[in-house]
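Reviewing the structure listed below.
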Amino acid sequence: MLHVVHHADYMAPRPERGTFKFDKYYLVMEELRASGAPMTEHAPEPMPREWLEAVHCPDYVDEVFRAEVPRDKERRIGFPVTPAITSRVRHTNGGTWLAAQLARTHGYAANSAAGSHHALHDTGAGYCVFNDLAVTANRLIAEGDARRVLIVDLDVHQGDGTASLTAGREDIFTLSLHAEKNFPVRKARSSRDVGLPDGVDDNGYMEALARHLPEVMAEFAPDFVLYQAGVDPHVDDKLGRLALTDAGLDMRDRFVVRAARGVGLPIASALGGGYGDDARQVATRHAASMLAMAAENARAVPAA
């Protein structure tokens with residue numbers, strides 16, 4: 001059973017300015033529903049303002065809530081923050097929080113949006129407004145739902161915002177595998193960064209993941225895993241520089257879920273990046289990713 005979080009506001013009307021396309025978020029759900037796989041959909045509440053302000057600058061949060069974000073910040077984000085976008089990002093952040101709560105019950109759950117790992121303390125960036133990963137990790141610990149949260153970021157781009165927002169915290173660990181020469185040009189410092197050269201294929205990627213993830217799990221000893229499951233490492237991705245196939249993404253996602261569930265840890269995923277001229281094709285990759293993780297969760301037998 002796939003427990004997936006979705007909200008109608010994820011499909012915000014496309015702003016007049018900017019290059020980001022919101023088409024895939026509706027198509028992801030179409031692909032999931034058409035798959036015939038057992039699935040339960042859950043609708044999130046908007047993320048409370050004070051939870052966002054615990055991680056982001058309150059002045060910036062206020063700008064977003066009023067839909068009056070300065071143009072220089074909107075340029076960094078990649079689109080203007082309209083009232084519809086304000087509602088969207090509150091719901092996508094609430095969606096990652098709800099996915100985390102569902103994972104505590106079901107082992108694994110997915111948010112069908114978010115993974116907004118470029119958002120920084122006082123501004124958004126790279127199509128990200130608020131950083132749902134950092135906000136959810138912080139809230140899990142604040143609420144006593146977790147003591148140590150591991151954020152595994154396997155988007156093709158480094159999770160610079162998440163790394164910056166959680167820097168210096170001993171209770172949150174960020175692991176980022178990314179294309180070293182891709183955006184952002186200036187990388188932040190994750191707890192562990194694994195910069196990969198252009199063109200890494202399935203075997204090379206899995207070799208790196210199998211070397212680093214189990215080691216981090218053993219050394220950091222998390223009790224909750226958040227997973228940024230971007231599909232932009234795919235060989236056909238418009239903004240990627242790696243060369244994973246469909247089978248490679250499947251191996252990657254199952255490996256991450258198996259690493260968490262094999263030791264009894266809950267894991268929640270956020271959608272992350274995926275880009276191309278054919279939005280349906282990108283949505284199919286995202287849907288396949290979530291279905292593979294749900295299937296692996298069903299097979300998992302936690303260690304005694």
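Going through the structure tokens in order, the chains are called A, B, and so on, while each chain numbers its residues from 1 and the ligands are numbered from 1 in the order shown.
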
I'd like the neighbourhood of Ala210 in chain A as an mmCIF file with C-alpha atoms, in the first residue's frame, where a residue qualifies if any of its atoms comes within 12 Å (using only C-alpha atoms), though same-chain residues fewer than 6 positions away should be ignored.
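Result file is part.cif:
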```cif
data_model
loop_
_atom_site.group_PDB
_atom_site.id
_atom_site.type_symbol
_atom_site.label_atom_id
_atom_site.label_comp_id
_atom_site.auth_asym_id
_atom_site.auth_seq_id
_atom_site.Cartn_x
_atom_site.Cartn_y
_atom_site.Cartn_z
ATOM 1 C CA LEU A 177 24.962 12.655 -3.644
ATOM 2 C CA VAL A 194 29.521 13.038 -2.487
ATOM 3 C CA ASP A 202 23.840 2.959 -12.707
ATOM 4 C CA ASN A 203 26.820 0.921 -11.546
ATOM 5 C CA GLY A 204 28.954 3.895 -10.584
ATOM 6 C CA VAL A 216 26.360 7.128 7.618
ATOM 7 C CA MET A 217 23.504 5.058 9.009
ATOM 8 C CA MET A 251 17.694 0.219 -7.584
ATOM 9 C CA ARG A 252 18.562 3.518 -5.894
ATOM 10 C CA ASP A 253 15.122 4.002 -4.325
ATOM 11 C CA ARG A 254 14.782 0.420 -3.156
ATOM 12 C CA PHE A 255 18.272 0.548 -1.635
ATOM 13 C CA VAL A 256 17.430 3.657 0.414
ATOM 14 C CA ARG A 258 15.753 -1.105 2.464
ATOM 15 C CA ALA A 259 18.536 0.631 4.415
#
```

Quiz item: Running DSSP on the backbone, which parts of range 23-220 of chain A land in strand (DSSP E or B), as a VMD selection string?
Solution: chain A and resid 39 to 42 108 to 111 125 128 149 to 153 172 to 179 192 to 196

Self-check item: From A:Glu143, A:Glu31, A:Asp155, A:Glu170, residue lying nearest Leu249 in chain A [only C-alpha atoms]
Solution: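 Once distances to Leu249 in chain A are computed over only C-alpha atoms, the minimum belongs to A:Asp155.
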
Residues within 12 Å of Tyr60 in chain A, only C-alpha atoms, excluding chain neighbours under 2 positions, as an mmCIF file with C-alpha atoms, in the first residue's frame:
```cif
data_model
loop_
_atom_site.group_PDB
_atom_site.id
_atom_site.type_symbol
_atom_site.label_atom_id
_atom_site.label_comp_id
_atom_site.auth_asym_id
_atom_site.auth_seq_id
_atom_site.Cartn_x
_atom_site.Cartn_y
_atom_site.Cartn_z
ATOM 1 C CA ARG A 49 3.550 29.895 10.195
ATOM 2 C CA LEU A 52 8.277 27.845 9.161
ATOM 3 C CA GLU A 53 9.623 30.723 11.245
ATOM 4 C CA ALA A 54 11.512 28.251 13.436
ATOM 5 C CA VAL A 55 13.776 27.591 10.422
ATOM 6 C CA HIS A 56 13.344 30.541 8.064
ATOM 7 C CA CYS A 57 13.739 34.267 8.756
ATOM 8 C CA PRO A 58 10.365 35.560 10.055
ATOM 9 C CA ASP A 62 6.018 37.322 6.186
ATOM 10 C CA GLU A 63 6.955 38.384 2.646
ATOM 11 C CA VAL A 64 5.791 35.024 1.322
ATOM 12 C CA PHE A 65 2.563 35.034 3.343
ATOM 13 C CA ARG A 66 1.736 38.521 2.031
ATOM 14 C CA ALA A 67 2.818 37.512 -1.494
ATOM 15 C CA GLU A 68 5.125 40.547 -1.519
ATOM 16 C CA VAL A 69 8.509 38.922 -2.063
ATOM 17 C CA PRO A 70 11.073 41.396 -3.453
ATOM 18 C CA LYS A 73 14.372 37.095 -4.271
ATOM 19 C CA GLU A 74 11.776 36.126 -6.876
ATOM 20 C CA VAL A 81 5.265 34.443 -5.369
ATOM 21 C CA ALA A 119 15.494 27.353 -0.044
ATOM 22 C CA LEU A 120 17.704 29.306 2.367
ATOM 23 C CA HIS A 121 17.161 31.149 5.647
ATOM 24 C CA ASP A 122 15.975 34.468 4.244
ATOM 25 C CA THR A 123 15.196 33.697 0.611
ATOM 26 C CA GLY A 124 14.079 31.020 -1.742
ATOM 27 C CA VAL A 129 10.371 28.856 -1.579
ATOM 28 C CA PHE A 130 10.445 27.142 1.841
#
```

Exercise. Excluding range 100-108 of chain A and any residue of its chain fewer than 4 positions from it, enumerate the residues within 6 Å of it, using only C-alpha atoms, and give them as a PyMOL selection string.
Key: chain A and resi 266-268

Practice problem: Tell me, as an MDAnalysis selection string, which residues lie within 12 Å of Ala34 in chain A, counting only C-alpha atoms; anything in the same chain fewer than 6 positions away does not count. | Solution: chainID A and resid 27:28 284 287:288 291

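The protein and nucleic acid residues lying at most 7 Å from range 144-149 of chain A are Ala137, Leu140, Ile141, Ala142, Ile151, Asp171, Ile172, Phe173, Pro222, Asp223, Phe224 and Val225 of chain A, with only C-alpha atoms considered and sequence neighbours fewer than 2 positions away removed.
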
Please provide the set of residues having any atom within 6 Å of Asp153 in chain A, restricted to only C-alpha atoms, with same-chain residues fewer than 5 positions apart removed, written as a CSV table (one decimal) with C-alpha atoms, in the first residue's frame.
```
chain,number,residue,atom,x,y,z
A,175,LEU,CA,23.9,13.3,3.0
A,176,SER,CA,24.0,14.6,-0.5
A,227,TYR,CA,14.5,11.2,1.6
A,228,GLN,CA,14.7,13.7,-1.3
```

Exercise. Give me, please, the distance in Å between CA of Ala283 in chain A and CA of His234 in chain A, quoted to one decimal.
Key: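 Taking CA of Ala283 in chain A and CA of His234 in chain A, their separation equals 12.6 Å.
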
What are the DSSP helix (DSSP H, G or I) residues of range 1-249 of chain A, as an mmCIF file with N, CA and C atoms, in the first residue's frame?
```
data_model
loop_
_atom_site.group_PDB
_atom_site.id
_atom_site.type_symbol
_atom_site.label_atom_id
_atom_site.label_comp_id
_atom_site.auth_asym_id
_atom_site.auth_seq_id
_atom_site.Cartn_x
_atom_site.Cartn_y
_atom_site.Cartn_z
ATOM 1 N N ALA A 8 -4.895 19.633 -3.882
ATOM 2 C CA ALA A 8 -5.231 20.331 -5.127
ATOM 3 C C ALA A 8 -4.361 21.566 -5.330
ATOM 4 N N ASP A 9 -3.944 22.207 -4.243
ATOM 5 C CA ASP A 9 -3.147 23.423 -4.359
ATOM 6 C C ASP A 9 -1.715 23.151 -4.818
ATOM 7 N N TYR A 10 -1.298 21.879 -4.899
ATOM 8 C CA TYR A 10 0.011 21.582 -5.461
ATOM 9 C C TYR A 10 0.078 22.047 -6.923
ATOM 10 N N ASP A 23 3.164 21.433 -14.357
ATOM 11 C CA ASP A 23 2.340 20.410 -14.983
ATOM 12 C C ASP A 23 2.500 19.032 -14.350
ATOM 13 N N LYS A 24 3.727 18.694 -13.971
ATOM 14 C CA LYS A 24 3.996 17.307 -13.582
ATOM 15 C C LYS A 24 3.256 16.895 -12.310
ATOM 16 N N TYR A 25 2.889 17.852 -11.456
ATOM 17 C CA TYR A 25 2.305 17.473 -10.167
ATOM 18 C C TYR A 25 0.933 16.824 -10.329
ATOM 19 N N TYR A 26 0.159 17.284 -11.277
ATOM 20 C CA TYR A 26 -1.117 16.626 -11.555
ATOM 21 C C TYR A 26 -0.881 15.303 -12.265
ATOM 22 N N LEU A 27 0.081 15.293 -13.189
ATOM 23 C CA LEU A 27 0.344 14.089 -13.969
ATOM 24 C C LEU A 27 0.894 12.961 -13.108
ATOM 25 N N VAL A 28 1.677 13.293 -12.075
ATOM 26 C CA VAL A 28 2.179 12.260 -11.157
ATOM 27 C C VAL A 28 1.020 11.494 -10.546
ATOM 28 N N MET A 29 0.012 12.236 -10.088
ATOM 29 C CA MET A 29 -1.134 11.566 -9.467
ATOM 30 C C MET A 29 -1.928 10.774 -10.498
ATOM 31 N N GLU A 30 -2.029 11.276 -11.718
ATOM 32 C CA GLU A 30 -2.686 10.501 -12.781
ATOM 33 C C GLU A 30 -1.986 9.173 -13.003
ATOM 34 N N GLU A 31 -0.659 9.207 -13.056
ATOM 35 C CA GLU A 31 0.112 7.996 -13.274
ATOM 36 C C GLU A 31 -0.049 7.018 -12.108
ATOM 37 N N LEU A 32 -0.035 7.533 -10.898
ATOM 38 C CA LEU A 32 -0.213 6.663 -9.735
ATOM 39 C C LEU A 32 -1.589 6.011 -9.744
ATOM 40 N N ARG A 33 -2.623 6.801 -10.025
ATOM 41 C CA ARG A 33 -3.987 6.256 -10.024
ATOM 42 C C ARG A 33 -4.189 5.250 -11.139
ATOM 43 N N ALA A 34 -3.516 5.476 -12.259
ATOM 44 C CA ALA A 34 -3.664 4.562 -13.401
ATOM 45 C C ALA A 34 -2.867 3.281 -13.234
ATOM 46 N N ARG A 49 2.569 28.830 10.383
ATOM 47 C CA ARG A 49 3.550 29.895 10.195
ATOM 48 C C ARG A 49 4.713 29.783 11.177
ATOM 49 N N GLU A 50 4.399 29.486 12.432
ATOM 50 C CA GLU A 50 5.460 29.450 13.441
ATOM 51 C C GLU A 50 6.428 28.299 13.203
ATOM 52 N N TRP A 51 5.991 27.216 12.569
ATOM 53 C CA TRP A 51 6.900 26.112 12.249
ATOM 54 C C TRP A 51 7.874 26.526 11.161
ATOM 55 N N LEU A 52 7.393 27.318 10.210
ATOM 56 C CA LEU A 52 8.277 27.845 9.161
ATOM 57 C C LEU A 52 9.258 28.853 9.735
ATOM 58 N N GLU A 53 8.766 29.693 10.645
ATOM 59 C CA GLU A 53 9.623 30.723 11.245
ATOM 60 C C GLU A 53 10.686 30.135 12.170
ATOM 61 N N PRO A 58 11.768 35.131 9.954
ATOM 62 C CA PRO A 58 10.365 35.560 10.055
ATOM 63 C C PRO A 58 9.996 36.664 9.061
ATOM 64 N N ASP A 59 10.928 37.550 8.754
ATOM 65 C CA ASP A 59 10.643 38.609 7.785
ATOM 66 C C ASP A 59 10.409 38.026 6.395
ATOM 67 N N TYR A 60 11.197 37.021 6.039
ATOM 68 C CA TYR A 60 11.006 36.362 4.742
ATOM 69 C C TYR A 60 9.687 35.585 4.715
ATOM 70 N N VAL A 61 9.384 34.883 5.792
ATOM 71 C CA VAL A 61 8.107 34.160 5.879
ATOM 72 C C VAL A 61 6.955 35.141 5.695
ATOM 73 N N ASP A 62 7.062 36.302 6.309
ATOM 74 C CA ASP A 62 6.018 37.322 6.186
ATOM 75 C C ASP A 62 5.883 37.798 4.739
ATOM 76 N N GLU A 63 7.004 37.979 4.053
ATOM 77 C CA GLU A 63 6.955 38.384 2.646
ATOM 78 C C GLU A 63 6.202 37.355 1.807
ATOM 79 N N VAL A 64 6.475 36.081 2.071
ATOM 80 C CA VAL A 64 5.791 35.024 1.322
ATOM 81 C C VAL A 64 4.305 34.995 1.663
ATOM 82 N N PHE A 65 3.967 35.093 2.940
ATOM 83 C CA PHE A 65 2.563 35.034 3.343
ATOM 84 C C PHE A 65 1.766 36.208 2.766
ATOM 85 N N ARG A 71 11.644 41.526 -5.791
ATOM 86 C CA ARG A 71 11.953 40.975 -7.105
ATOM 87 C C ARG A 71 13.292 40.247 -7.138
ATOM 88 N N ASP A 72 14.270 40.719 -6.370
ATOM 89 C CA ASP A 72 15.566 40.032 -6.389
ATOM 90 C C ASP A 72 15.445 38.619 -5.832
ATOM 91 N N LYS A 73 14.592 38.443 -4.818
ATOM 92 C CA LYS A 73 14.372 37.095 -4.271
ATOM 93 C C LYS A 73 13.546 36.248 -5.241
ATOM 94 N N GLU A 74 12.563 36.869 -5.891
ATOM 95 C CA GLU A 74 11.776 36.126 -6.876
ATOM 96 C C GLU A 74 12.654 35.638 -8.027
ATOM 97 N N ARG A 75 13.638 36.452 -8.408
ATOM 98 C CA ARG A 75 14.560 36.005 -9.462
ATOM 99 C C ARG A 75 15.359 34.796 -9.000
ATOM 100 N N ARG A 76 15.758 34.781 -7.740
ATOM 101 C CA ARG A 76 16.492 33.618 -7.214
ATOM 102 C C ARG A 76 15.591 32.385 -7.171
ATOM 103 N N ILE A 77 14.328 32.603 -6.839
ATOM 104 C CA ILE A 77 13.382 31.481 -6.793
ATOM 105 C C ILE A 77 13.107 30.948 -8.197
ATOM 106 N N PRO A 83 -0.408 34.912 -4.504
ATOM 107 C CA PRO A 83 -1.196 34.288 -3.430
ATOM 108 C C PRO A 83 -1.398 32.783 -3.641
ATOM 109 N N ALA A 84 -1.567 32.358 -4.890
ATOM 110 C CA ALA A 84 -1.716 30.923 -5.167
ATOM 111 C C ALA A 84 -0.447 30.158 -4.826
ATOM 112 N N ILE A 85 0.715 30.755 -5.098
ATOM 113 C CA ILE A 85 1.985 30.110 -4.757
ATOM 114 C C ILE A 85 2.147 30.049 -3.243
ATOM 115 N N THR A 86 1.721 31.108 -2.546
ATOM 116 C CA THR A 86 1.774 31.090 -1.075
ATOM 117 C C THR A 86 1.011 29.898 -0.527
ATOM 118 N N SER A 87 -0.212 29.711 -1.014
ATOM 119 C CA SER A 87 -1.011 28.569 -0.559
ATOM 120 C C SER A 87 -0.341 27.254 -0.941
ATOM 121 N N ARG A 88 0.226 27.210 -2.134
ATOM 122 C CA ARG A 88 0.880 25.983 -2.586
ATOM 123 C C ARG A 88 2.020 25.591 -1.668
ATOM 124 N N VAL A 89 2.932 26.529 -1.383
ATOM 125 C CA VAL A 89 4.113 26.156 -0.609
ATOM 126 C C VAL A 89 3.768 25.862 0.849
ATOM 127 N N ARG A 90 2.717 26.460 1.373
ATOM 128 C CA ARG A 90 2.280 26.089 2.718
ATOM 129 C C ARG A 90 1.763 24.649 2.717
ATOM 130 N N HIS A 91 1.059 24.262 1.655
ATOM 131 C CA HIS A 91 0.528 22.900 1.589
ATOM 132 C C HIS A 91 1.607 21.873 1.253
ATOM 133 N N THR A 92 2.558 22.222 0.372
ATOM 134 C CA THR A 92 3.618 21.247 0.070
ATOM 135 C C THR A 92 4.492 21.001 1.296
ATOM 136 N N ASN A 93 4.751 22.048 2.084
ATOM 137 C CA ASN A 93 5.506 21.855 3.323
ATOM 138 C C ASN A 93 4.697 21.050 4.330
ATOM 139 N N GLY A 94 3.417 21.350 4.431
ATOM 140 C CA GLY A 94 2.556 20.534 5.280
ATOM 141 C C GLY A 94 2.491 19.097 4.798
ATOM 142 N N GLY A 95 2.664 18.910 3.500
ATOM 143 C CA GLY A 95 2.636 17.562 2.937
ATOM 144 C C GLY A 95 3.813 16.703 3.362
ATOM 145 N N THR A 96 4.989 17.294 3.438
ATOM 146 C CA THR A 96 6.146 16.523 3.905
ATOM 147 C C THR A 96 6.004 16.187 5.383
ATOM 148 N N TRP A 97 5.464 17.123 6.154
ATOM 149 C CA TRP A 97 5.199 16.840 7.566
ATOM 150 C C TRP A 97 4.197 15.692 7.717
ATOM 151 N N LEU A 98 3.110 15.716 6.923
ATOM 152 C CA LEU A 98 2.113 14.647 7.005
ATOM 153 C C LEU A 98 2.716 13.318 6.553
ATOM 154 N N ALA A 99 3.528 13.336 5.502
ATOM 155 C CA ALA A 99 4.181 12.099 5.053
ATOM 156 C C ALA A 99 5.048 11.515 6.161
ATOM 157 N N ALA A 100 5.726 12.386 6.904
ATOM 158 C CA ALA A 100 6.554 11.905 8.015
ATOM 159 C C ALA A 100 5.694 11.254 9.090
ATOM 160 N N GLN A 101 4.548 11.856 9.390
ATOM 161 C CA GLN A 101 3.665 11.265 10.392
ATOM 162 C C GLN A 101 3.096 9.927 9.912
ATOM 163 N N LEU A 102 2.744 9.853 8.644
ATOM 164 C CA LEU A 102 2.234 8.595 8.088
ATOM 165 C C LEU A 102 3.308 7.514 8.092
ATOM 166 N N ALA A 103 4.551 7.916 7.839
ATOM 167 C CA ALA A 103 5.650 6.954 7.846
ATOM 168 C C ALA A 103 5.849 6.356 9.228
ATOM 169 N N ARG A 104 5.594 7.132 10.257
ATOM 170 C CA ARG A 104 5.727 6.611 11.619
ATOM 171 C C ARG A 104 4.735 5.477 11.871
ATOM 172 N N THR A 105 3.622 5.512 11.165
ATOM 173 C CA THR A 105 2.612 4.463 11.314
ATOM 174 C C THR A 105 2.802 3.322 10.324
ATOM 175 N N HIS A 106 3.126 3.671 9.081
ATOM 176 C CA HIS A 106 3.129 2.679 8.001
ATOM 177 C C HIS A 106 4.524 2.272 7.523
ATOM 178 N N ASP A 132 11.066 22.381 2.988
ATOM 179 C CA ASP A 132 10.232 21.422 3.715
ATOM 180 C C ASP A 132 11.052 20.365 4.443
ATOM 181 N N LEU A 133 12.208 20.018 3.913
ATOM 182 C CA LEU A 133 13.042 18.994 4.543
ATOM 183 C C LEU A 133 13.596 19.484 5.872
ATOM 184 N N ALA A 134 14.155 20.692 5.884
ATOM 185 C CA ALA A 134 14.698 21.255 7.118
ATOM 186 C C ALA A 134 13.586 21.555 8.119
ATOM 187 N N VAL A 135 12.456 22.075 7.624
ATOM 188 C CA VAL A 135 11.334 22.405 8.512
ATOM 189 C C VAL A 135 10.775 21.141 9.155
ATOM 190 N N THR A 136 10.598 20.087 8.365
ATOM 191 C CA THR A 136 10.044 18.842 8.906
ATOM 192 C C THR A 136 11.022 18.176 9.868
ATOM 193 N N ALA A 137 12.300 18.149 9.514
ATOM 194 C CA ALA A 137 13.296 17.559 10.421
ATOM 195 C C ALA A 137 13.304 18.295 11.753
ATOM 196 N N ASN A 138 13.298 19.614 11.692
ATOM 197 C CA ASN A 138 13.286 20.417 12.915
ATOM 198 C C ASN A 138 12.048 20.137 13.747
ATOM 199 N N ARG A 139 10.898 19.991 13.068
ATOM 200 C CA ARG A 139 9.639 19.786 13.796
ATOM 201 C C ARG A 139 9.564 18.392 14.402
ATOM 202 N N LEU A 140 10.061 17.397 13.689
ATOM 203 C CA LEU A 140 10.067 16.034 14.240
ATOM 204 C C LEU A 140 10.814 15.995 15.566
ATOM 205 N N ILE A 141 11.930 16.699 15.621
ATOM 206 C CA ILE A 141 12.728 16.729 16.844
ATOM 207 C C ILE A 141 12.047 17.576 17.914
ATOM 208 N N ALA A 142 11.492 18.722 17.516
ATOM 209 C CA ALA A 142 10.826 19.603 18.478
ATOM 210 C C ALA A 142 9.606 18.950 19.109
ATOM 211 N N ASP A 160 21.887 22.459 -1.126
ATOM 212 C CA ASP A 160 22.634 23.513 -0.439
ATOM 213 C C ASP A 160 21.824 24.215 0.639
ATOM 214 N N GLY A 161 20.534 24.430 0.385
ATOM 215 C CA GLY A 161 19.703 25.093 1.382
ATOM 216 C C GLY A 161 19.534 24.251 2.630
ATOM 217 N N THR A 162 19.274 22.969 2.441
ATOM 218 C CA THR A 162 19.115 22.076 3.587
ATOM 219 C C THR A 162 20.399 22.011 4.395
ATOM 220 N N ALA A 163 21.534 21.927 3.709
ATOM 221 C CA ALA A 163 22.826 21.889 4.399
ATOM 222 C C ALA A 163 23.048 23.158 5.207
ATOM 223 N N SER A 164 22.727 24.304 4.623
ATOM 224 C CA SER A 164 22.939 25.582 5.316
ATOM 225 C C SER A 164 22.021 25.725 6.519
ATOM 226 N N LEU A 165 20.761 25.343 6.361
ATOM 227 C CA LEU A 165 19.777 25.528 7.423
ATOM 228 C C LEU A 165 19.993 24.596 8.609
ATOM 229 N N THR A 166 20.671 23.488 8.379
ATOM 230 C CA THR A 166 20.892 22.520 9.460
ATOM 231 C C THR A 166 22.354 22.451 9.898
ATOM 232 N N ASP A 202 24.472 3.717 -13.788
ATOM 233 C CA ASP A 202 23.840 2.959 -12.707
ATOM 234 C C ASP A 202 24.864 2.320 -11.780
ATOM 235 N N ASN A 203 25.839 1.642 -12.361
ATOM 236 C CA ASN A 203 26.820 0.921 -11.546
ATOM 237 C C ASN A 203 27.662 1.871 -10.704
ATOM 238 N N GLY A 204 28.134 2.942 -11.317
ATOM 239 C CA GLY A 204 28.954 3.895 -10.584
ATOM 240 C C GLY A 204 28.174 4.578 -9.476
ATOM 241 N N TYR A 205 26.923 4.896 -9.763
ATOM 242 C CA TYR A 205 26.079 5.555 -8.760
ATOM 243 C C TYR A 205 25.817 4.622 -7.581
ATOM 244 N N MET A 206 25.428 3.396 -7.875
ATOM 245 C CA MET A 206 25.109 2.459 -6.806
ATOM 246 C C MET A 206 26.347 2.106 -5.989
ATOM 247 N N GLU A 207 27.499 2.105 -6.628
ATOM 248 C CA GLU A 207 28.733 1.860 -5.889
ATOM 249 C C GLU A 207 28.956 2.961 -4.849
ATOM 250 N N ALA A 208 28.736 4.212 -5.253
ATOM 251 C CA ALA A 208 28.912 5.335 -4.331
ATOM 252 C C ALA A 208 27.861 5.306 -3.224
ATOM 253 N N LEU A 209 26.612 5.047 -3.586
ATOM 254 C CA LEU A 209 25.543 5.025 -2.587
ATOM 255 C C LEU A 209 25.764 3.894 -1.582
ATOM 256 N N ALA A 210 26.154 2.724 -2.087
ATOM 257 C CA ALA A 210 26.378 1.567 -1.203
ATOM 258 C C ALA A 210 27.593 1.772 -0.305
ATOM 259 N N ARG A 211 28.505 2.628 -0.717
ATOM 260 C CA ARG A 211 29.677 2.904 0.108
ATOM 261 C C ARG A 211 29.353 3.899 1.228
ATOM 262 N N HIS A 212 28.519 4.882 0.936
ATOM 263 C CA HIS A 212 28.319 5.975 1.889
ATOM 264 C C HIS A 212 27.085 5.824 2.781
ATOM 265 N N LEU A 213 25.958 5.399 2.229
ATOM 266 C CA LEU A 213 24.740 5.390 3.046
ATOM 267 C C LEU A 213 24.825 4.441 4.243
ATOM 268 N N PRO A 214 25.236 3.188 4.063
ATOM 269 C CA PRO A 214 25.318 2.307 5.247
ATOM 270 C C PRO A 214 26.295 2.830 6.295
ATOM 271 N N GLU A 215 27.360 3.442 5.856
ATOM 272 C CA GLU A 215 28.344 3.986 6.789
ATOM 273 C C GLU A 215 27.744 5.131 7.597
ATOM 274 N N VAL A 216 27.019 6.018 6.925
ATOM 275 C CA VAL A 216 26.360 7.128 7.618
ATOM 276 C C VAL A 216 25.306 6.602 8.582
ATOM 277 N N MET A 217 24.540 5.635 8.143
ATOM 278 C CA MET A 217 23.504 5.058 9.009
ATOM 279 C C MET A 217 24.130 4.489 10.280
ATOM 280 N N ALA A 218 25.238 3.798 10.137
ATOM 281 C CA ALA A 218 25.884 3.172 11.296
ATOM 282 C C ALA A 218 26.507 4.207 12.219
ATOM 283 N N GLU A 219 27.138 5.229 11.650
ATOM 284 C CA GLU A 219 27.842 6.215 12.474
ATOM 285 C C GLU A 219 26.896 7.220 13.120
ATOM 286 N N PHE A 220 25.897 7.682 12.376
ATOM 287 C CA PHE A 220 24.991 8.709 12.898
ATOM 288 C C PHE A 220 23.862 8.111 13.731
ATOM 289 N N ASP A 246 16.066 3.967 -15.972
ATOM 290 C CA ASP A 246 14.894 3.662 -15.143
ATOM 291 C C ASP A 246 15.246 2.591 -14.115
ATOM 292 N N ALA A 247 15.974 1.578 -14.563
ATOM 293 C CA ALA A 247 16.368 0.500 -13.649
ATOM 294 C C ALA A 247 17.293 1.022 -12.555
ATOM 295 N N GLY A 248 18.167 1.964 -12.904
ATOM 296 C CA GLY A 248 19.067 2.531 -11.906
ATOM 297 C C GLY A 248 18.332 3.314 -10.841
ATOM 298 N N LEU A 249 17.340 4.119 -11.240
ATOM 299 C CA LEU A 249 16.534 4.841 -10.259
ATOM 300 C C LEU A 249 15.783 3.869 -9.351
#
```

Quiz item: A:Pro80, A:Pro233, A:Gly36, A:Gly272: which is nearest Gly199 in chain A, counting only C-alpha atoms?
Solution: A:Pro233

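Using only C-alpha atoms for every distance, the candidate list A:Glu296, A:Glu180, A:Asp193, A:Asp278 yields A:Glu296 as the residue closest to Asp250 in chain A.
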
Quiz item: Expressed in Å to a single decimal, how great is the separation between CA of Leu244 in chain A and CA of Met290 in chain A?
Solution: 16.7 Å
